[in-house]
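Accompanying notes for the structure given below.
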Amino acid sequence: MTEALIVVDLQNDFCPGGALPVDDGDAIVPLVNRLLAQAKVRILTQDWHPPQHGSFAINHPAAHPFDRGMVGGVEQVLWPVHCVQGTNGAEFHPGVETDRADLILRKGRDGALDSYSAFFENDRVTPTGLDGYLRSRGVETVAVVGLALDFCVAATAVDAAGLGYLVRVIESACRAIDRDGSLTAARAAMDKAGVTIEREGDL
Ligand code: VGL
Ligand code: ZN
């Protein structure tokens, strides 16, 4: 069975010092590199927003970061400005061995809609094309790692399971935002979807 490794959003803005930092986000880089070295199919995702993106609180009158709001008809968290296309914050953490990637998938490019999952945008119906890519390469199982465990990693893992892949999340190669119960909710959603959560990272 061919397994793909999906490394989610391991970008400067999600690491300490970035615009939407995840505690210890950079600490996963060495393990992620080891996993990349061993994987057969390697996907990196990159959160890649236009400056006017609807997920940014600053683009909503009177809203503050981490308030909830509507983006493209979907209720979600409104975020600080992050991962703006072409900025340093949107670049991968410099320690990530990006040369190993088979495919770099950019998501959240539509200003009117957010995309947590690497498979579908947040309207839950617009595909990114990743499912077709993986299927045409004969992938049946996926391992998901990266940032943030409770948002884009969980959304990617749940969608992969829904599409019929056997899915494991390697938790030691993830870090979470963990605000307002987001991590507990994400774990419940992954459990319900049949995602396996592993602590150690051996492929
Ligand atoms: C993410 C919030 C906003 C993530 C992306 O990668 O988990 N979280 N955009
Ligand atoms: Zn984003």
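Ligands are numbered from 1 in the order shown, chains are lettered A, B, ... in the order of the structure tokens, and residues start at 1 in each chain.
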
Given 7 Å and only C-alpha atoms and all ligand atoms, residues near ligand 1 as a list in words: Val8, Asp9, Asp47, Trp79, Tyr116, Leu147, Ala148, Leu149, Asp150, Phe151, Cys152 and Val153 of chain A

Write a file of the just-selected residues containing N, CA and C atoms, as an mmCIF file, in the first residue's frame.
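Written file, out.cif:
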data_model
loop_
_atom_site.group_PDB
_atom_site.id
_atom_site.type_symbol
_atom_site.label_atom_id
_atom_site.label_comp_id
_atom_site.auth_asym_id
_atom_site.auth_seq_id
_atom_site.Cartn_x
_atom_site.Cartn_y
_atom_site.Cartn_z
ATOM 1 N N VAL A 8 1.551 19.739 6.668
ATOM 2 C CA VAL A 8 0.610 20.854 6.601
ATOM 3 C C VAL A 8 1.240 22.150 7.138
ATOM 4 N N ASP A 9 1.304 23.150 6.298
ATOM 5 C CA ASP A 9 1.507 24.554 6.699
ATOM 6 C C ASP A 9 2.667 24.795 7.672
ATOM 7 N N ASP A 47 -0.308 27.577 3.302
ATOM 8 C CA ASP A 47 -1.401 28.535 3.451
ATOM 9 C C ASP A 47 -0.976 29.778 2.663
ATOM 10 N N TRP A 79 -8.790 35.478 11.977
ATOM 11 C CA TRP A 79 -7.389 35.360 12.364
ATOM 12 C C TRP A 79 -6.627 36.677 12.197
ATOM 13 N N TYR A 116 -9.006 25.197 5.261
ATOM 14 C CA TYR A 116 -8.181 24.538 6.288
ATOM 15 C C TYR A 116 -7.631 23.222 5.748
ATOM 16 N N LEU A 147 1.202 21.890 11.125
ATOM 17 C CA LEU A 147 0.571 22.948 11.930
ATOM 18 C C LEU A 147 -0.732 23.387 11.256
ATOM 19 N N ALA A 148 -1.710 23.737 11.993
ATOM 20 C CA ALA A 148 -1.829 23.449 13.406
ATOM 21 C C ALA A 148 -2.676 22.182 13.579
ATOM 22 N N LEU A 149 -2.341 21.374 14.561
ATOM 23 C CA LEU A 149 -3.041 20.097 14.757
ATOM 24 C C LEU A 149 -4.551 20.284 14.834
ATOM 25 N N ASP A 150 -5.002 21.344 15.519
ATOM 26 C CA ASP A 150 -6.439 21.501 15.763
ATOM 27 C C ASP A 150 -7.165 22.238 14.645
ATOM 28 N N PHE A 151 -6.472 22.699 13.634
ATOM 29 C CA PHE A 151 -7.149 23.355 12.504
ATOM 30 C C PHE A 151 -6.814 22.640 11.205
ATOM 31 N N CYS A 152 -5.735 23.004 10.549
ATOM 32 C CA CYS A 152 -5.521 22.468 9.204
ATOM 33 C C CYS A 152 -5.099 20.997 9.188
ATOM 34 N N VAL A 153 -4.367 20.544 10.198
ATOM 35 C CA VAL A 153 -4.006 19.117 10.241
ATOM 36 C C VAL A 153 -5.265 18.276 10.439
#

Distance query Asn12 (chain A) at most 7 Å, only C-alpha atoms, self and fewer than 4 positions along chain excluded, as a list in words: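 Within the cut-off, the hits are Gly18, Gly89, Ala90, Glu91, Phe92 and His93 of chain A.
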
Expected selection as a ChimeraX atom specification for ligand 2 within 10 Å, only C-alpha atoms and all ligand atoms: /A:9,13-14,20,46-49,53-56,78-84,90,107-109,114-116,151-152

Residues of the last selection are to be written out with N, CA, C and O atoms, as a compact mmCIF listing (two decimals), in the first residue's frame.
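Dumped everything to result31.txt:
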# COMPACT_ATOMS: atom_id res chain seq x y z
N ASP A 9 1.30 23.15 6.30
CA ASP A 9 1.51 24.55 6.70
C ASP A 9 2.67 24.80 7.67
O ASP A 9 2.53 25.55 8.64
N ASP A 13 4.93 32.01 9.53
CA ASP A 13 3.91 32.68 10.33
C ASP A 13 3.30 31.79 11.40
O ASP A 13 2.70 32.30 12.35
N PHE A 14 3.42 30.48 11.28
CA PHE A 14 2.88 29.58 12.30
C PHE A 14 3.96 29.16 13.30
O PHE A 14 3.69 28.35 14.20
N LEU A 20 0.95 34.31 13.44
CA LEU A 20 -0.05 33.46 14.10
C LEU A 20 0.70 32.27 14.70
O LEU A 20 0.57 31.13 14.26
N GLN A 46 0.79 24.80 1.76
CA GLN A 46 1.22 26.16 2.07
C GLN A 46 -0.03 27.04 2.12
O GLN A 46 -0.72 27.18 1.11
N ASP A 47 -0.31 27.58 3.30
CA ASP A 47 -1.40 28.54 3.45
C ASP A 47 -0.98 29.78 2.66
O ASP A 47 0.14 30.29 2.86
N TRP A 48 -1.85 30.27 1.78
CA TRP A 48 -1.37 31.23 0.77
C TRP A 48 -2.49 32.23 0.46
O TRP A 48 -3.23 32.10 -0.51
N HIS A 49 -2.59 33.25 1.35
CA HIS A 49 -3.75 34.14 1.30
C HIS A 49 -3.43 35.45 0.59
O HIS A 49 -2.36 36.04 0.80
N HIS A 53 -7.82 38.76 2.38
CA HIS A 53 -8.51 37.50 2.65
C HIS A 53 -9.60 37.65 3.72
O HIS A 53 -9.40 38.32 4.74
N GLY A 54 -10.72 37.01 3.46
CA GLY A 54 -11.88 37.09 4.36
C GLY A 54 -11.67 36.47 5.72
O GLY A 54 -12.46 36.70 6.64
N SER A 55 -10.62 35.67 5.91
CA SER A 55 -10.37 35.08 7.24
C SER A 55 -9.62 36.03 8.16
O SER A 55 -9.43 35.71 9.33
N PHE A 56 -9.18 37.18 7.64
CA PHE A 56 -8.42 38.11 8.48
C PHE A 56 -9.39 39.03 9.21
O PHE A 56 -10.21 39.72 8.58
N LEU A 78 -11.82 34.23 13.12
CA LEU A 78 -11.16 35.28 12.32
C LEU A 78 -9.73 35.43 12.86
O LEU A 78 -9.53 35.52 14.07
N TRP A 79 -8.79 35.48 11.98
CA TRP A 79 -7.39 35.36 12.36
C TRP A 79 -6.63 36.68 12.20
O TRP A 79 -7.04 37.55 11.43
N PRO A 80 -5.48 36.78 12.87
CA PRO A 80 -4.56 37.87 12.51
C PRO A 80 -4.13 37.68 11.05
O PRO A 80 -4.17 36.55 10.53
N VAL A 81 -3.70 38.75 10.43
CA VAL A 81 -3.16 38.65 9.06
C VAL A 81 -1.98 37.66 9.09
O VAL A 81 -1.08 37.78 9.92
N HIS A 82 -2.02 36.66 8.22
CA HIS A 82 -0.96 35.64 8.22
C HIS A 82 -0.83 35.04 6.82
O HIS A 82 -1.78 35.04 6.04
N CYS A 83 0.34 34.52 6.54
CA CYS A 83 0.60 33.77 5.30
C CYS A 83 0.09 34.51 4.06
O CYS A 83 -0.59 33.93 3.20
N VAL A 84 0.44 35.79 3.99
CA VAL A 84 0.08 36.57 2.80
C VAL A 84 1.02 36.19 1.66
O VAL A 84 2.26 36.12 1.83
N ALA A 90 4.81 33.70 4.75
CA ALA A 90 4.19 32.60 4.00
C ALA A 90 5.21 31.56 3.53
O ALA A 90 4.83 30.49 3.07
N LYS A 107 -3.16 26.73 -0.65
CA LYS A 107 -4.59 26.76 -0.33
C LYS A 107 -4.95 28.07 0.36
O LYS A 107 -4.08 28.76 0.90
N GLY A 108 -6.24 28.40 0.32
CA GLY A 108 -6.70 29.67 0.89
C GLY A 108 -6.42 30.83 -0.04
O GLY A 108 -6.28 31.97 0.39
N ARG A 109 -6.32 30.55 -1.35
CA ARG A 109 -6.00 31.59 -2.34
C ARG A 109 -7.21 32.42 -2.71
O ARG A 109 -7.08 33.52 -3.21
N ASP A 114 -12.12 30.40 3.07
CA ASP A 114 -10.90 29.87 3.66
C ASP A 114 -10.76 28.40 3.30
O ASP A 114 -11.69 27.77 2.79
N SER A 115 -9.58 27.85 3.51
CA SER A 115 -9.35 26.44 3.23
C SER A 115 -8.43 25.87 4.29
O SER A 115 -7.23 26.08 4.25
N TYR A 116 -9.01 25.20 5.26
CA TYR A 116 -8.18 24.54 6.29
C TYR A 116 -7.63 23.22 5.75
O TYR A 116 -6.46 22.92 5.89
N PHE A 151 -6.47 22.70 13.63
CA PHE A 151 -7.15 23.36 12.50
C PHE A 151 -6.81 22.64 11.20
O PHE A 151 -7.51 21.72 10.79
N CYS A 152 -5.74 23.00 10.55
CA CYS A 152 -5.52 22.47 9.20
C CYS A 152 -5.10 21.00 9.19
O CYS A 152 -5.45 20.27 8.25

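Here CA of Val32 (chain A) and CA of Val167 (chain A) stand 16.9 Å from one another.
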
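The nearest approach to Val96 (chain A) among the residues A:Asp131, A:Glu3, A:Asp26, A:Asp178, with only C-alpha atoms taken into account, belongs to A:Asp26.
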
Neighbour list for Asp67 (chain A) as a PyMOL selection string, cut-off 12 Å, only C-alpha atoms, skip fewer than 3 positions in-chain: chain A and resi 55-58+60-64+70+75-80+179-180

Generate a file of the selected residues that holds all heavy atoms, formatted as a CSV table (one decimal), in the first residue's frame.
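Output contents, as saved in selection.csv:
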chain,number,residue,atom,x,y,z
A,55,SER,N,-10.6,35.7,5.9
A,55,SER,CA,-10.4,35.1,7.2
A,55,SER,C,-9.6,36.0,8.2
A,55,SER,O,-9.4,35.7,9.3
A,55,SER,CB,-9.6,33.8,7.1
A,55,SER,OG,-8.2,34.0,6.9
A,56,PHE,N,-9.2,37.2,7.6
A,56,PHE,CA,-8.4,38.1,8.5
A,56,PHE,C,-9.4,39.0,9.2
A,56,PHE,O,-10.2,39.7,8.6
A,56,PHE,CB,-7.5,39.0,7.6
A,56,PHE,CG,-6.4,38.2,6.9
A,56,PHE,CD1,-5.7,38.8,5.8
A,56,PHE,CD2,-6.1,36.9,7.2
A,56,PHE,CE1,-4.7,38.1,5.1
A,56,PHE,CE2,-5.1,36.2,6.5
A,56,PHE,CZ,-4.4,36.8,5.5
A,57,ALA,N,-9.3,39.1,10.5
A,57,ALA,CA,-10.2,40.0,11.3
A,57,ALA,C,-10.1,41.4,10.8
A,57,ALA,O,-11.2,42.1,10.8
A,57,ALA,CB,-9.8,39.9,12.8
A,58,ILE,N,-9.0,41.9,10.4
A,58,ILE,CA,-8.8,43.3,10.0
A,58,ILE,C,-9.7,43.6,8.8
A,58,ILE,O,-10.1,44.7,8.6
A,58,ILE,CB,-7.3,43.5,9.7
A,58,ILE,CG1,-7.0,45.0,9.7
A,58,ILE,CG2,-6.9,42.9,8.3
A,58,ILE,CD1,-5.6,45.3,9.5
A,60,HIS,N,-12.8,42.7,8.6
A,60,HIS,CA,-14.2,42.7,9.1
A,60,HIS,C,-14.3,43.9,10.0
A,60,HIS,O,-13.6,44.0,11.0
A,60,HIS,CB,-14.5,41.4,9.9
A,60,HIS,CG,-14.5,40.2,9.0
A,60,HIS,ND1,-15.7,39.5,8.7
A,60,HIS,CD2,-13.5,39.5,8.4
A,60,HIS,CE1,-15.4,38.4,8.0
A,60,HIS,NE2,-14.0,38.4,7.8
A,61,PRO,N,-15.3,44.8,9.7
A,61,PRO,CA,-15.4,46.0,10.6
A,61,PRO,C,-15.7,45.5,12.0
A,61,PRO,O,-16.4,44.7,12.3
A,61,PRO,CB,-16.7,46.6,10.0
A,61,PRO,CG,-17.1,46.0,8.7
A,61,PRO,CD,-16.3,44.7,8.6
A,62,ALA,N,-14.9,46.1,12.9
A,62,ALA,CA,-15.1,46.0,14.4
A,62,ALA,C,-14.7,44.6,14.9
A,62,ALA,O,-14.9,44.3,16.1
A,62,ALA,CB,-16.5,46.3,14.8
A,63,ALA,N,-14.2,43.7,14.1
A,63,ALA,CA,-13.8,42.4,14.6
A,63,ALA,C,-12.4,42.4,15.1
A,63,ALA,O,-11.5,43.2,14.7
A,63,ALA,CB,-14.0,41.4,13.5
A,64,HIS,N,-12.1,41.5,16.0
A,64,HIS,CA,-10.7,41.3,16.5
A,64,HIS,C,-10.2,39.9,16.2
A,64,HIS,O,-11.1,39.0,16.1
A,64,HIS,CB,-10.7,41.6,18.1
A,64,HIS,CG,-11.1,42.9,18.4
A,64,HIS,ND1,-12.4,43.3,18.8
A,64,HIS,CD2,-10.4,44.1,18.5
A,64,HIS,CE1,-12.4,44.6,19.1
A,64,HIS,NE2,-11.3,45.1,18.9
A,70,MET,N,-18.1,35.4,9.8
A,70,MET,CA,-18.6,34.7,8.6
A,70,MET,C,-17.6,34.9,7.4
A,70,MET,O,-17.2,36.0,7.1
A,70,MET,CB,-19.9,35.2,8.1
A,70,MET,CG,-21.1,34.9,9.1
A,70,MET,SD,-21.3,33.2,9.5
A,70,MET,CE,-22.0,32.6,8.0
A,75,GLU,N,-19.2,30.0,9.2
A,75,GLU,CA,-18.8,30.6,10.5
A,75,GLU,C,-17.4,30.0,10.9
A,75,GLU,O,-17.3,28.8,10.9
A,75,GLU,CB,-19.8,30.4,11.5
A,75,GLU,CG,-19.8,31.4,12.6
A,75,GLU,CD,-20.0,30.9,14.0
A,75,GLU,OE1,-19.1,30.5,14.7
A,75,GLU,OE2,-21.2,31.0,14.4
A,76,GLN,N,-16.5,30.8,11.2
A,76,GLN,CA,-15.2,30.3,11.6
A,76,GLN,C,-14.5,31.3,12.5
A,76,GLN,O,-15.0,32.4,12.7
A,76,GLN,CB,-14.3,30.0,10.4
A,76,GLN,CG,-14.0,31.2,9.5
A,76,GLN,CD,-12.9,30.9,8.5
A,76,GLN,OE1,-13.1,30.2,7.6
A,76,GLN,NE2,-11.7,31.4,8.8
A,77,VAL,N,-13.3,31.0,13.0
A,77,VAL,CA,-12.4,31.9,13.7
A,77,VAL,C,-11.9,33.0,12.7
A,77,VAL,O,-11.5,32.6,11.6
A,77,VAL,CB,-11.3,31.2,14.4
A,77,VAL,CG1,-10.3,32.2,15.1
A,77,VAL,CG2,-11.8,30.1,15.3
A,78,LEU,N,-11.8,34.2,13.1
A,78,LEU,CA,-11.2,35.3,12.3
A,78,LEU,C,-9.7,35.4,12.9
A,78,LEU,O,-9.5,35.5,14.1
A,78,LEU,CB,-11.9,36.6,12.4
A,78,LEU,CG,-13.4,36.5,11.9
A,78,LEU,CD1,-14.1,37.9,12.1
A,78,LEU,CD2,-13.5,36.1,10.5
A,79,TRP,N,-8.8,35.5,12.0
A,79,TRP,CA,-7.4,35.4,12.4
A,79,TRP,C,-6.6,36.7,12.2
A,79,TRP,O,-7.0,37.6,11.4
A,79,TRP,CB,-6.7,34.3,11.5
A,79,TRP,CG,-7.3,33.0,11.6
A,79,TRP,CD1,-8.1,32.4,10.6
A,79,TRP,CD2,-7.2,32.0,12.6
A,79,TRP,NE1,-8.5,31.1,11.0
A,79,TRP,CE2,-8.0,30.9,12.3
A,79,TRP,CE3,-6.6,32.0,13.9
A,79,TRP,CZ2,-8.1,29.8,13.1
A,79,TRP,CZ3,-6.7,30.9,14.7
A,79,TRP,CH2,-7.5,29.8,14.3
A,80,PRO,N,-5.5,36.8,12.9
A,80,PRO,CA,-4.6,37.9,12.5
A,80,PRO,C,-4.1,37.7,11.0
A,80,PRO,O,-4.2,36.6,10.5
A,80,PRO,CB,-3.4,37.7,13.4
A,80,PRO,CG,-3.7,36.6,14.4
A,80,PRO,CD,-4.9,35.9,13.9
A,179,ARG,N,-7.1,26.8,21.5
A,179,ARG,CA,-7.8,28.0,22.0
A,179,ARG,C,-9.3,27.7,22.0
A,179,ARG,O,-9.8,27.1,21.1
A,179,ARG,CB,-7.6,29.2,21.1
A,179,ARG,CG,-6.5,30.1,21.4
A,179,ARG,CD,-6.6,31.3,20.5
A,179,ARG,NE,-7.3,32.5,21.1
A,179,ARG,CZ,-6.6,33.6,21.5
A,179,ARG,NH1,-5.3,33.7,21.3
A,179,ARG,NH2,-7.3,34.5,22.1
A,180,ASP,N,-10.0,28.0,23.1
A,180,ASP,CA,-11.4,27.9,23.2
A,180,ASP,C,-11.9,26.5,22.9
A,180,ASP,O,-12.9,26.3,22.2
A,180,ASP,CB,-12.1,28.9,22.2
A,180,ASP,CG,-11.7,30.3,22.5
A,180,ASP,OD1,-11.6,30.7,23.7
A,180,ASP,OD2,-11.5,31.1,21.5

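Nearest residue to Thr156 (chain A), choosing from A:Cys15, A:Leu5, A:Pro51, A:Arg199 and counting only C-alpha atoms: A:Leu5.
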
Which residue of A:Glu140, A:Glu97, A:Asp159, A:Asp24 approaches Val125 (chain A) most closely, using only C-alpha atoms: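 Among the listed residues, the smallest separation from Val125 (chain A) belongs to A:Asp159.
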